[in-house]
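Participant: Just data-v4.txt, nothing more (compact mmCIF, C-alpha atoms):
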# COMPACT_ATOMS: atom_id res chain seq x y z
CA MET Y 1 -4.46 -29.66 -12.60
CA ARG Y 2 -4.23 -26.93 -10.06
CA LEU Y 3 -5.28 -23.32 -10.62
CA ARG Y 4 -4.27 -20.41 -8.46
CA VAL Y 5 -5.48 -16.85 -8.98
CA VAL Y 6 -3.38 -14.29 -7.15
CA THR Y 7 -4.31 -10.60 -6.78
CA PRO Y 8 -2.95 -7.78 -4.62
CA GLU Y 9 -5.87 -8.38 -2.25
CA GLY Y 10 -4.72 -11.94 -1.68
CA ALA Y 11 -5.05 -15.37 -3.23
CA LYS Y 12 -8.54 -15.42 -4.75
CA ILE Y 13 -8.88 -18.96 -6.00
CA GLU Y 14 -7.08 -22.17 -5.31
CA ALA Y 15 -8.83 -25.09 -6.96
CA GLN Y 16 -8.43 -28.36 -8.82
CA VAL Y 17 -9.65 -27.72 -12.35
CA THR Y 18 -10.05 -29.70 -15.57
CA SER Y 19 -9.70 -26.79 -17.97
CA VAL Y 20 -8.91 -23.08 -17.98
CA THR Y 21 -9.78 -20.45 -20.59
CA ALA Y 22 -7.88 -17.18 -20.28
CA PRO Y 23 -7.87 -13.83 -22.09
CA GLY Y 24 -4.28 -13.83 -23.38
CA SER Y 25 -3.05 -10.64 -24.94
CA ALA Y 26 -2.52 -12.52 -28.23
CA GLY Y 27 -6.03 -13.97 -28.08
CA GLU Y 28 -8.11 -16.20 -25.88
CA LEU Y 29 -6.46 -19.49 -25.06
CA GLY Y 30 -7.49 -22.72 -23.44
CA ILE Y 31 -5.35 -24.79 -21.10
CA LEU Y 32 -5.92 -28.49 -20.58
CA PRO Y 33 -3.96 -30.88 -18.38
CA GLY Y 34 -0.55 -31.72 -19.83
CA HIS Y 35 -0.03 -28.32 -21.43
CA VAL Y 36 3.55 -27.37 -22.25
CA PRO Y 37 5.13 -24.69 -20.03
CA LEU Y 38 3.69 -21.36 -21.09
CA LEU Y 39 4.03 -17.78 -20.02
CA THR Y 40 1.63 -15.21 -21.39
CA SER Y 41 0.46 -11.75 -20.53
CA LEU Y 42 -3.27 -11.26 -20.10
CA THR Y 43 -5.58 -8.47 -21.12
CA ILE Y 44 -8.84 -7.26 -19.66
CA GLY Y 45 -11.32 -10.08 -20.09
CA LYS Y 46 -12.93 -13.18 -18.73
CA LEU Y 47 -11.14 -16.06 -17.09
CA SER Y 48 -13.16 -19.28 -17.03
CA PHE Y 49 -12.37 -22.61 -15.51
CA VAL Y 50 -14.14 -25.90 -14.90
CA THR Y 51 -13.99 -27.29 -11.41
CA GLY Y 52 -16.03 -30.22 -10.16
CA GLY Y 53 -18.10 -30.21 -13.34
CA LYS Y 54 -19.10 -26.57 -12.90
CA THR Y 55 -17.85 -23.67 -14.98
CA VAL Y 56 -16.77 -20.61 -13.02
CA HIS Y 57 -16.14 -17.21 -14.59
CA LEU Y 58 -14.12 -14.28 -13.30
CA ALA Y 59 -13.62 -10.79 -14.68
CA VAL Y 60 -9.85 -10.22 -14.69
CA ASN Y 61 -7.75 -7.18 -15.43
CA GLY Y 62 -4.36 -7.69 -17.03
CA GLY Y 63 -1.42 -9.46 -15.43
CA PHE Y 64 0.07 -12.71 -16.61
CA MET Y 65 -0.45 -16.47 -16.53
CA GLU Y 66 2.14 -19.14 -15.95
CA VAL Y 67 1.51 -22.78 -16.88
CA HIS Y 68 4.02 -25.31 -15.71
CA ASP Y 69 3.66 -28.98 -14.74
CA ASP Y 70 -0.14 -28.86 -14.58
CA ASP Y 71 0.12 -25.90 -12.28
CA VAL Y 72 -1.63 -22.78 -13.57
CA ILE Y 73 -0.94 -19.48 -11.84
CA VAL Y 74 -2.84 -16.37 -12.85
CA VAL Y 75 -1.43 -13.14 -11.45
CA THR Y 76 -3.77 -10.24 -12.11
CA GLU Y 77 -4.70 -6.87 -10.66
CA THR Y 78 -8.34 -7.76 -10.02
CA ALA Y 79 -10.40 -10.93 -10.27
CA GLU Y 80 -14.09 -10.56 -9.58
CA GLU Y 81 -16.90 -13.06 -9.40
CA PRO Y 82 -19.95 -12.10 -11.49
CA ASP Y 83 -22.16 -11.78 -8.42
CA ALA Y 84 -19.71 -9.55 -6.60
CA ILE Y 85 -19.66 -6.99 -9.40
CA ASP Y 86 -21.51 -3.75 -8.83
CA VAL Y 87 -23.08 -3.30 -12.27
CA ALA Y 88 -24.58 0.09 -11.47
CA ARG Y 89 -21.17 1.42 -10.53
CA ALA Y 90 -19.57 -0.03 -13.65
CA ARG Y 91 -22.25 1.64 -15.80
CA ALA Y 92 -21.70 4.96 -14.06
CA SER Y 93 -17.98 4.58 -14.74
CA VAL Y 94 -18.63 4.02 -18.48
CA GLU Y 95 -20.82 7.13 -18.61
CA ARG Y 96 -18.21 9.16 -16.81
CA VAL Y 97 -15.50 8.08 -19.24
CA ASP Y 98 -17.73 8.87 -22.22
CA ARG Y 99 -18.36 12.32 -20.81
CA ASP Y 100 -14.73 13.05 -19.98
CA ILE Y 101 -13.18 11.68 -23.12
CA VAL Y 102 -14.78 14.20 -25.48
CA GLN Y 103 -13.05 16.98 -23.58
CA LEU Y 104 -9.62 15.54 -24.24
CA ASP Y 105 -7.53 15.94 -27.31
CA ALA Y 106 -6.09 12.62 -28.46
CA GLN Y 107 -3.21 14.47 -30.09
CA THR Y 108 -1.97 16.37 -27.09
CA GLN Y 109 -2.85 13.94 -24.29
CA PRO Y 110 -2.62 10.44 -25.75
CA GLU Y 111 -1.81 8.93 -22.36
CA LYS Y 112 -4.89 10.36 -20.66
CA VAL Y 113 -7.08 9.13 -23.50
CA ALA Y 114 -5.54 5.67 -23.34
CA GLN Y 115 -6.05 5.62 -19.59
CA LEU Y 116 -9.73 6.51 -19.93
CA ASN Y 117 -10.18 3.90 -22.64
CA ARG Y 118 -8.66 1.27 -20.40
CA ARG Y 119 -10.99 2.29 -17.60
CA LYS Y 120 -13.94 1.97 -19.94
CA ALA Y 121 -12.79 -1.44 -21.18
CA ARG Y 122 -12.51 -2.63 -17.58
CA ALA Y 123 -16.01 -1.40 -16.74
CA LEU Y 124 -17.51 -2.95 -19.89
CA ASN Y 125 -15.80 -6.24 -19.10
CA ARG Y 126 -17.28 -6.22 -15.62
CA ILE Y 127 -20.77 -5.45 -16.93
CA LYS Y 128 -20.52 -8.18 -19.55
CA THR Y 129 -19.26 -10.79 -17.12
CA ALA Y 130 -21.91 -9.94 -14.56
CA GLU Y 131 -24.74 -10.03 -17.09
CA LEU Y 132 -23.66 -13.23 -18.79
CA HIS Y 133 -22.75 -15.24 -15.73
CA GLY Y 134 -24.29 -13.62 -12.67
CA THR Y 135 -27.09 -15.50 -10.98
CA PRO Y 136 -30.49 -14.03 -11.90
CA ASP Y 137 -31.16 -13.10 -8.30
CA ALA Y 138 -28.12 -10.94 -7.95
CA LEU Y 139 -28.83 -9.30 -11.29
CA ARG Y 140 -32.44 -8.54 -10.47
CA LYS Y 141 -31.38 -6.93 -7.25
CA VAL Y 142 -29.06 -4.65 -9.16
CA ARG Y 143 -31.64 -3.78 -11.81
CA GLU Y 144 -34.41 -3.04 -9.32
CA ALA Y 145 -32.21 -0.95 -7.11
CA PRO Y 146 -33.33 2.67 -7.34
CA PRO Y 147 -30.97 4.74 -9.47
CA GLN Y 148 -28.52 6.57 -7.34
CA ALA Y 149 -28.45 10.32 -7.31
CA GLY Y 150 -25.94 11.63 -9.78
CA ALA Y 151 -25.36 8.23 -11.34
CA MET P 1 -2.61 21.91 53.81
CA ALA P 2 -3.11 24.22 50.88
CA ASN P 3 -1.69 22.00 48.16
CA LEU P 4 -4.06 19.11 48.85
CA LYS P 5 -6.49 20.45 46.31
CA ALA P 6 -3.73 21.17 43.80
CA ILE P 7 -2.52 17.58 43.98
CA ARG P 8 -6.06 16.28 43.56
CA THR P 9 -6.55 18.35 40.41
CA ARG P 10 -3.20 17.21 39.06
CA ILE P 11 -4.13 13.55 39.53
CA GLY P 12 -7.37 14.18 37.65
CA THR P 13 -5.52 15.75 34.71
CA VAL P 14 -3.00 12.94 34.46
CA LYS P 15 -5.83 10.39 34.56
CA ASN P 16 -7.53 12.13 31.63
CA THR P 17 -4.32 12.12 29.63
CA GLN P 18 -3.82 8.48 30.41
CA GLN P 19 -7.28 7.68 29.08
CA ILE P 20 -6.46 9.42 25.82
CA THR P 21 -3.12 7.69 25.36
CA LYS P 22 -4.75 4.37 26.16
CA ALA P 23 -7.43 4.95 23.53
CA MET P 24 -4.84 6.04 20.97
CA LYS P 25 -2.87 2.90 21.64
CA MET P 26 -5.93 0.78 21.05
CA VAL P 27 -6.78 2.56 17.79
CA ALA P 28 -3.19 2.20 16.59
CA ALA P 29 -3.27 -1.51 17.41
CA ALA P 30 -6.45 -2.02 15.40
CA ARG P 31 -5.13 -0.14 12.39
CA LEU P 32 -1.81 -1.94 12.64
CA ARG P 33 -3.61 -5.25 12.40
CA LYS P 34 -5.46 -4.06 9.30
CA ALA P 35 -2.26 -2.90 7.61
CA GLN P 36 -0.55 -6.17 8.49
CA LEU P 37 -3.35 -8.19 6.91
CA SER P 38 -3.09 -6.13 3.74
CA ILE P 39 0.66 -6.69 3.58
CA GLU P 40 0.22 -10.42 3.99
CA ALA P 41 -2.44 -10.50 1.26
CA LEU P 42 -0.20 -8.55 -1.09
CA ARG P 43 2.93 -10.63 -0.61
CA PRO P 44 2.17 -13.59 -2.93
CA TYR P 45 1.30 -11.17 -5.72
CA ALA P 46 4.35 -8.99 -5.19
CA TYR P 47 6.73 -11.96 -5.00
CA ARG P 48 5.25 -13.66 -8.07
CA THR P 49 5.63 -10.50 -10.12
CA ARG P 50 9.17 -9.93 -8.88
CA ASP P 51 10.20 -13.53 -9.63
CA MET P 52 8.67 -13.31 -13.07
CA ILE P 53 10.66 -10.22 -13.94
CA ALA P 54 13.79 -11.80 -12.52
CA SER P 55 13.35 -14.98 -14.55
CA LEU P 56 12.58 -13.01 -17.72
CA ALA P 57 15.57 -10.77 -17.20
CA ALA P 58 17.83 -13.74 -16.49
CA ARG P 59 17.15 -15.15 -19.95
CA ALA P 60 17.44 -12.06 -22.01
CA ASP P 61 19.04 -8.69 -21.81
CA PHE P 62 16.43 -6.06 -21.18
CA SER P 63 18.76 -3.22 -20.38
CA ASP P 64 17.32 -1.38 -23.36
CA HIS P 65 13.88 -1.45 -21.74
CA PRO P 66 12.95 2.17 -21.01
CA LEU P 67 12.33 1.57 -17.31
CA LEU P 68 15.48 -0.49 -16.82
CA GLU P 69 17.75 2.00 -18.51
CA GLN P 70 20.69 3.08 -16.37
CA ARG P 71 21.56 6.70 -17.01
CA PRO P 72 24.17 8.76 -15.22
CA PRO P 73 22.12 9.99 -12.25
CA GLN P 74 21.99 13.72 -12.85
CA LYS P 75 18.48 14.36 -11.61
CA VAL P 76 17.68 12.33 -8.55
CA GLU P 77 14.55 12.24 -6.48
CA LEU P 78 13.88 10.90 -3.03
CA LEU P 79 10.40 9.72 -2.20
CA ILE P 80 10.03 10.01 1.55
CA LEU P 81 7.25 8.48 3.59
CA THR P 82 6.28 10.23 6.79
CA SER P 83 2.96 10.37 8.62
CA ASP P 84 0.18 12.95 8.74
CA ARG P 85 -0.10 12.83 12.50
CA GLY P 86 2.44 13.03 15.27
CA LEU P 87 2.65 11.23 18.60
CA CYS P 88 4.39 8.25 17.09
CA GLY P 89 7.82 8.35 18.71
CA GLY P 90 10.81 8.69 16.41
CA PHE P 91 8.92 7.59 13.32
CA ASN P 92 9.08 10.86 11.41
CA GLY P 93 12.29 12.15 12.95
CA THR P 94 14.41 9.27 11.69
CA ILE P 95 12.95 9.49 8.19
CA ASN P 96 13.51 13.22 7.97
CA ARG P 97 17.04 13.00 9.30
CA THR P 98 17.97 10.13 6.98
CA ALA P 99 16.58 11.95 3.96
CA GLU P 100 18.31 15.19 4.92
CA ALA P 101 21.64 13.44 5.45
CA TYR P 102 21.26 11.65 2.13
CA VAL P 103 20.62 14.91 0.30
CA ARG P 104 23.54 16.59 2.06
CA ASP P 105 25.95 13.77 1.23
CA ASN P 106 24.92 13.48 -2.40
CA THR P 107 24.43 17.08 -3.51
CA VAL P 108 27.88 17.22 -5.08
CA GLY P 109 27.50 14.25 -7.41
CA HIS P 110 24.18 15.23 -8.93
CA GLU P 111 22.94 18.12 -10.92
CA GLN P 112 19.69 18.16 -9.05
CA ILE P 113 18.34 16.35 -6.05
CA SER P 114 14.83 16.91 -4.84
CA LEU P 115 12.14 15.37 -2.68
CA ASP P 116 8.71 13.86 -3.22
CA ILE P 117 6.95 13.88 0.10
CA ILE P 118 4.14 11.75 1.43
CA GLY P 119 2.76 12.79 4.80
CA ARG P 120 2.25 16.17 6.40
CA LYS P 121 5.07 15.77 8.94
CA GLY P 122 7.74 15.45 6.30
CA PHE P 123 6.43 18.44 4.41
CA GLU P 124 6.40 20.61 7.52
CA TYR P 125 9.97 19.61 8.28
CA PHE P 126 11.39 20.24 4.83
CA LYS P 127 9.50 23.36 3.86
CA ARG P 128 11.67 25.29 6.33
CA ARG P 129 14.85 23.76 4.97
CA ASP P 130 16.97 24.33 1.97
CA VAL P 131 15.95 21.23 0.01
CA PRO P 132 13.89 21.50 -3.16
CA ILE P 133 10.51 19.79 -2.90
CA GLN P 134 9.36 18.36 -6.19
CA LYS P 135 5.92 17.23 -5.18
CA GLN P 136 3.84 16.68 -2.10
CA PHE P 137 1.35 13.84 -2.32
CA LYS P 138 -1.68 14.66 -0.20
CA ASP P 139 -4.39 12.46 1.28
CA VAL P 140 -2.46 9.29 0.56
CA LEU P 141 -2.33 7.92 4.07
CA THR P 142 -5.98 8.24 5.07
CA ASN P 143 -6.85 5.42 2.72
CA VAL P 144 -3.95 3.48 1.27
CA ASN P 145 -5.08 1.66 -1.85
CA GLN P 146 -3.75 0.52 -5.16
CA GLU P 147 -5.10 3.50 -7.04
CA THR P 148 -3.06 6.01 -5.08
CA ALA P 149 -0.04 3.75 -5.44
CA SER P 150 -0.49 3.66 -9.19
CA GLU P 151 -0.89 7.46 -9.30
CA ILE P 152 2.45 7.85 -7.57
CA ALA P 153 4.01 5.27 -9.89
CA ASP P 154 2.58 6.92 -13.02
CA HIS P 155 3.87 10.30 -11.96
CA ALA P 156 7.39 8.96 -11.51
CA VAL P 157 7.36 6.84 -14.66
CA ALA P 158 6.18 9.74 -16.84
CA ARG P 159 8.97 11.95 -15.54
CA PHE P 160 11.53 9.17 -15.87
CA LEU P 161 10.61 8.58 -19.50
CA GLU P 162 10.84 12.29 -20.28
CA ASN P 163 14.34 12.42 -18.80
CA ASP P 164 13.15 14.76 -16.05
CA LEU P 165 14.35 12.17 -13.61
CA ASP P 166 17.25 9.72 -13.80
CA ALA P 167 16.84 7.82 -10.57
CA LEU P 168 14.18 7.53 -7.90
CA TYR P 169 14.88 6.34 -4.39
CA VAL P 170 12.47 5.77 -1.58
CA VAL P 171 13.11 6.40 2.13
CA TYR P 172 10.70 4.55 4.36
CA ASN P 173 10.29 2.69 7.61
CA GLU P 174 10.35 -1.02 7.03
CA PHE P 175 7.97 -2.90 9.26
CA LYS P 176 9.87 -5.50 11.28
CA SER P 177 7.50 -5.90 14.18
CA ALA P 178 5.23 -3.69 16.25
CA LEU P 179 8.26 -2.68 18.30
CA THR P 180 10.96 -2.25 15.68
CA GLN P 181 11.06 -0.30 12.47
CA THR P 182 14.15 0.22 10.40
CA VAL P 183 14.67 3.06 7.97
CA ARG P 184 15.51 1.82 4.52
CA VAL P 185 16.62 3.53 1.33
CA GLU P 186 15.72 1.59 -1.81
CA GLN P 187 16.02 2.26 -5.49
CA LEU P 188 12.71 2.28 -7.36
CA LEU P 189 13.78 3.59 -10.77
CA PRO P 190 15.46 2.44 -12.91
CA ILE P 191 14.11 -0.97 -11.98
CA VAL P 192 16.78 -3.45 -11.01
CA PRO P 193 15.60 -7.01 -11.64
CA ALA P 194 16.24 -9.34 -8.73
CA LYS P 195 19.02 -11.87 -9.28
CA VAL P 196 18.03 -15.42 -10.03
CA ASP P 197 20.02 -17.92 -8.00
CA GLU P 198 22.74 -19.71 -9.91
CA GLY P 199 21.50 -23.09 -11.07
CA ALA P 200 17.87 -22.32 -10.21
CA TYR P 201 15.56 -24.32 -12.43
CA LEU P 202 13.97 -22.21 -15.13
CA PRO P 203 11.37 -24.12 -17.13
CA ASP P 204 11.52 -23.73 -20.88
CA TYR P 205 8.45 -21.63 -21.46
CA ILE P 206 6.56 -20.80 -24.59
CA TYR P 207 6.27 -17.04 -24.49
CA GLU P 208 3.13 -15.45 -25.79
CA PRO P 209 3.20 -12.96 -27.50
CA SER P 210 6.94 -12.54 -26.79
CA ARG P 211 9.29 -12.05 -23.87
CA ARG P 212 9.56 -8.41 -24.65
CA GLU P 213 5.82 -7.84 -24.72
CA ILE P 214 5.26 -9.77 -21.51
CA MET P 215 7.97 -7.66 -19.89
CA ASP P 216 6.28 -4.50 -21.14
CA ALA P 217 2.98 -5.64 -19.68
CA VAL P 218 4.35 -6.67 -16.30
CA ILE P 219 6.83 -3.93 -15.47
CA PRO P 220 4.49 -0.96 -14.91
CA GLY P 221 2.38 -3.08 -12.57
CA HIS P 222 5.51 -4.13 -10.74
CA LEU P 223 6.37 -0.57 -9.78
CA THR P 224 2.82 0.05 -8.59
CA VAL P 225 2.95 -3.03 -6.42
CA GLN P 226 6.33 -1.99 -5.00
CA ILE P 227 4.96 1.41 -4.05
CA TYR P 228 1.78 -0.11 -2.67
CA ARG P 229 3.82 -2.47 -0.51
CA ILE P 230 6.01 0.37 0.71
CA LEU P 231 2.96 2.48 1.58
CA LEU P 232 1.51 -0.39 3.57
CA GLU P 233 4.83 -1.05 5.31
CA SER P 234 5.07 2.60 6.25
CA VAL P 235 1.53 2.71 7.63
CA ALA P 236 2.13 -0.47 9.61
CA SER P 237 5.37 1.00 10.99
CA GLU P 238 3.64 4.24 11.91
CA MET P 239 0.93 2.38 13.78
CA GLY P 240 3.53 0.18 15.48
CA ALA P 241 5.55 3.24 16.50
CA ARG P 242 2.45 5.02 17.78
CA MET P 243 1.35 1.93 19.65
CA SER P 244 4.60 1.62 21.55
CA ALA P 245 4.85 5.38 22.10
CA MET P 246 1.34 5.47 23.52
CA ASP P 247 1.98 2.34 25.56
CA SER P 248 4.93 3.91 27.32
CA ALA P 249 2.99 7.17 27.72
CA THR P 250 0.22 5.23 29.43
CA LYS P 251 2.76 3.51 31.68
CA ASN P 252 4.43 6.80 32.55
CA ALA P 253 1.07 8.32 33.39
CA GLY P 254 0.37 5.36 35.67
CA GLU P 255 3.65 5.87 37.51
CA LEU P 256 2.97 9.57 37.85
CA ILE P 257 -0.47 8.88 39.28
CA GLU P 258 1.03 6.49 41.83
CA ARG P 259 3.61 9.06 42.92
CA LEU P 260 1.03 11.81 43.14
CA THR P 261 -1.36 9.62 45.14
CA LEU P 262 1.41 8.87 47.62
CA GLN P 263 2.18 12.55 47.90
CA TYR P 264 -1.49 13.31 48.33
CA ASN P 265 -1.91 10.75 51.13
CA ARG P 266 1.19 12.01 52.92
CA ALA P 267 -0.09 15.54 52.74
CA ARG P 268 -3.50 14.41 53.99
CA GLN P 269 -1.98 12.53 56.92
CA ALA P 270 0.26 15.43 57.74
CA ALA P 271 -2.80 17.66 57.84
CA ILE P 272 -4.64 15.24 60.15
CA THR P 273 -1.61 14.95 62.46
CA THR P 274 -1.32 18.71 62.69
CA GLU P 275 -5.01 19.00 63.53
CA LEU P 276 -4.70 16.28 66.22
CA ILE P 277 -1.70 18.00 67.77
CA GLU P 278 -3.62 21.23 67.81
CA ILE P 279 -6.62 19.59 69.51
CA ILE P 280 -4.48 17.73 72.06
CA SER P 281 -2.36 20.71 72.96
CA GLY P 282 -5.56 22.77 73.19
CA ALA P 283 -7.06 20.21 75.61
CA GLU P 284 -3.86 20.08 77.71
CA ALA P 285 -3.83 23.84 78.07
CA LEU P 286 -7.23 23.77 79.78
Would you encode the structure as structure tokens?

Facilitator:
Amino acid sequence: MRLRVVTPEGAKIEAQVTSVTAPGSAGELGILPGHVPLLTSLTIGKLSFVTGGKTVHLAVNGGFMEVHDDDVIVVTETAEEPDAIDVARARASVERVDRDIVQLDAQTQPEKVAQLNRRKARALNRIKTAELHGTPDALRKVREAPPQAGA
Amino acid sequence: MANLKAIRTRIGTVKNTQQITKAMKMVAAARLRKAQLSIEALRPYAYRTRDMIASLAARADFSDHPLLEQRPPQKVELLILTSDRGLCGGFNGTINRTAEAYVRDNTVGHEQISLDIIGRKGFEYFKRRDVPIQKQFKDVLTNVNQETASEIADHAVARFLENDLDALYVVYNEFKSALTQTVRVEQLLPIVPAKVDEGAYLPDYIYEPSRREIMDAVIPGHLTVQIYRILLESVASEMGARMSAMDSATKNAGELIERLTLQYNRARQAAITTELIEIISGAEAL
């Protein structure tokens, strides 16, 4: 079946795949050829698919997935390959959220708090995807990189 | 002749100006190409999202969704997109005039009508006029990205949900081609789902978790994408307008240089002729 991943920066992936695993908002779900038509919203998480015998993982951020006639379309705000993720930046983002969130009152500014929590979830998802599925080379490069000032 | 030197200086000045306009045209062309690429990349995403909302809305009534709720438009806002810099032909003028006319024509029907302004040129125009400015978004145009688009969307959505705002329209230049831009007024809030063609095939989906929840998840992103697209369109139009303005400025400078050169040569020849006559008549007198 065919998989397409569409983001605001353009079509990311267009591939023939044998299975897709997506982070649906009601839980992770797997799609195999011959699936009934399905429409689901996605959460922040990992999208995996098998193409040419290899499993590919992407860190995705929300959006929705449409399955219809062995045609899978994932429409999401971001879709990043593990090796393209800047782990240091994601870590800095987590730290920043942790620092900022204690200064907010969940009672008076629930939206701000929710926004920060979403940002943190996105960063954690990127770190996790990069660490689990990045090639060792790319990871080592990130780890050995000197810590940036202020990070 | 005395004005030989004056003409020479003038030619030099015009040449300098021409170099600047030529450079500006080139820069505008490069940035136009960049904006165009971004628009093309965004299109599949924007259309998919729009179609999704349309197909969801076609199957169920979502008029009770908070962002689709039609209220009598008492408090109306106009989001206008101008540029930070000038020298781009009628780009800002048409936007400002359209917005002003819209406000003038609609003041009676609404309790309140105010402006959200993007771009320095629009702000400078309206701060001297009798139109309330709700908010000026700064530093949006230097780097158009999704984050700024979502900031603008969040600001509007929050106010819409608190009943501070009943309808939001946007006034912007739609990018047709590098040479033509058309001013458009579109409604952003409440969201109006696109119509699904009669008899269009809608597959019988399983909805997970439910139609309503999918709608809730997709709609906020939809507004962000709309605004992002409009920002990109406006930047592309600005660059197109500047490109053609600078192109004609360069051409005009070229014509001026030609005319001045002709004038200069005539003056030079006239001077030579006068000198010759003086020499000849001097020699004859001897």

Participant: Please compute the atom CA of Y:Asp98-atom CA of Y:Pro82 distance, one decimal, in Å.

Facilitator: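 Atom CA of Y:Pro82 lies 23.7 Å from atom CA of Y:Asp98.
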
Participant: Do you have the atom CA of P:Gln134-atom CA of P:Ile113 distance handy?

Facilitator: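 Answer for the atom CA of P:Gln134 to atom CA of P:Ile113 separation: 9.2 Å.
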
Participant: If you measure from atom CA of Y:Leu39 to atom CA of Y:Val56, what distance in Å do you get, rounded to one decimal?

Facilitator: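 It comes out at 22.1 Å.
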
Participant: Pull out every residue of chain P that has at least one atom within 9 Å of chain Y, counting all atoms listed in the file, and report them as a ChimeraX atom specification.

Facilitator: /P:38-46,48-49,146,203-211,213-215,217-218,221,225

Participant: What lies within 12 Å of stretch 121-136 of chain Y using only C-alpha atoms, ignoring chain neighbours under 4 positions off, as a JSON list (two decimals) with C-alpha atoms, in the frame of the given file?

Facilitator:
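Saved to out.json:
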[["chain", "number", "residue", "atom", "x", "y", "z"],
["Y", 23, "PRO", "CA", -7.87, -13.83, -22.09],
["Y", 43, "THR", "CA", -5.58, -8.47, -21.12],
["Y", 44, "ILE", "CA", -8.84, -7.26, -19.66],
["Y", 45, "GLY", "CA", -11.32, -10.08, -20.09],
["Y", 46, "LYS", "CA", -12.93, -13.18, -18.73],
["Y", 47, "LEU", "CA", -11.14, -16.06, -17.09],
["Y", 48, "SER", "CA", -13.16, -19.28, -17.03],
["Y", 55, "THR", "CA", -17.85, -23.67, -14.98],
["Y", 56, "VAL", "CA", -16.77, -20.61, -13.02],
["Y", 57, "HIS", "CA", -16.14, -17.21, -14.59],
["Y", 58, "LEU", "CA", -14.12, -14.28, -13.30],
["Y", 59, "ALA", "CA", -13.62, -10.79, -14.68],
["Y", 60, "VAL", "CA", -9.85, -10.22, -14.69],
["Y", 61, "ASN", "CA", -7.75, -7.18, -15.43],
["Y", 62, "GLY", "CA", -4.36, -7.69, -17.03],
["Y", 77, "GLU", "CA", -4.70, -6.87, -10.66],
["Y", 78, "THR", "CA", -8.34, -7.76, -10.02],
["Y", 79, "ALA", "CA", -10.40, -10.93, -10.27],
["Y", 80, "GLU", "CA", -14.09, -10.56, -9.58],
["Y", 81, "GLU", "CA", -16.90, -13.06, -9.40],
["Y", 82, "PRO", "CA", -19.95, -12.10, -11.49],
["Y", 83, "ASP", "CA", -22.16, -11.78, -8.42],
["Y", 84, "ALA", "CA", -19.71, -9.55, -6.60],
["Y", 85, "ILE", "CA", -19.66, -6.99, -9.40],
["Y", 86, "ASP", "CA", -21.51, -3.75, -8.83],
["Y", 87, "VAL", "CA", -23.08, -3.30, -12.27],
["Y", 88, "ALA", "CA", -24.58, 0.09, -11.47],
["Y", 89, "ARG", "CA", -21.17, 1.42, -10.53],
["Y", 90, "ALA", "CA", -19.57, -0.03, -13.65],
["Y", 91, "ARG", "CA", -22.25, 1.64, -15.80],
["Y", 92, "ALA", "CA", -21.70, 4.96, -14.06],
["Y", 93, "SER", "CA", -17.98, 4.58, -14.74],
["Y", 94, "VAL", "CA", -18.63, 4.02, -18.48],
["Y", 95, "GLU", "CA", -20.82, 7.13, -18.61],
["Y", 96, "ARG", "CA", -18.21, 9.16, -16.81],
["Y", 97, "VAL", "CA", -15.50, 8.08, -19.24],
["Y", 98, "ASP", "CA", -17.73, 8.87, -22.22],
["Y", 114, "ALA", "CA", -5.54, 5.67, -23.34],
["Y", 115, "GLN", "CA", -6.05, 5.62, -19.59],
["Y", 116, "LEU", "CA", -9.73, 6.51, -19.93],
["Y", 117, "ASN", "CA", -10.18, 3.90, -22.64],
["Y", 140, "ARG", "CA", -32.44, -8.54, -10.47],
["Y", 141, "LYS", "CA", -31.38, -6.93, -7.25],
["Y", 142, "VAL", "CA", -29.06, -4.65, -9.16],
["Y", 143, "ARG", "CA", -31.64, -3.78, -11.81],
["Y", 144, "GLU", "CA", -34.41, -3.04, -9.32]]
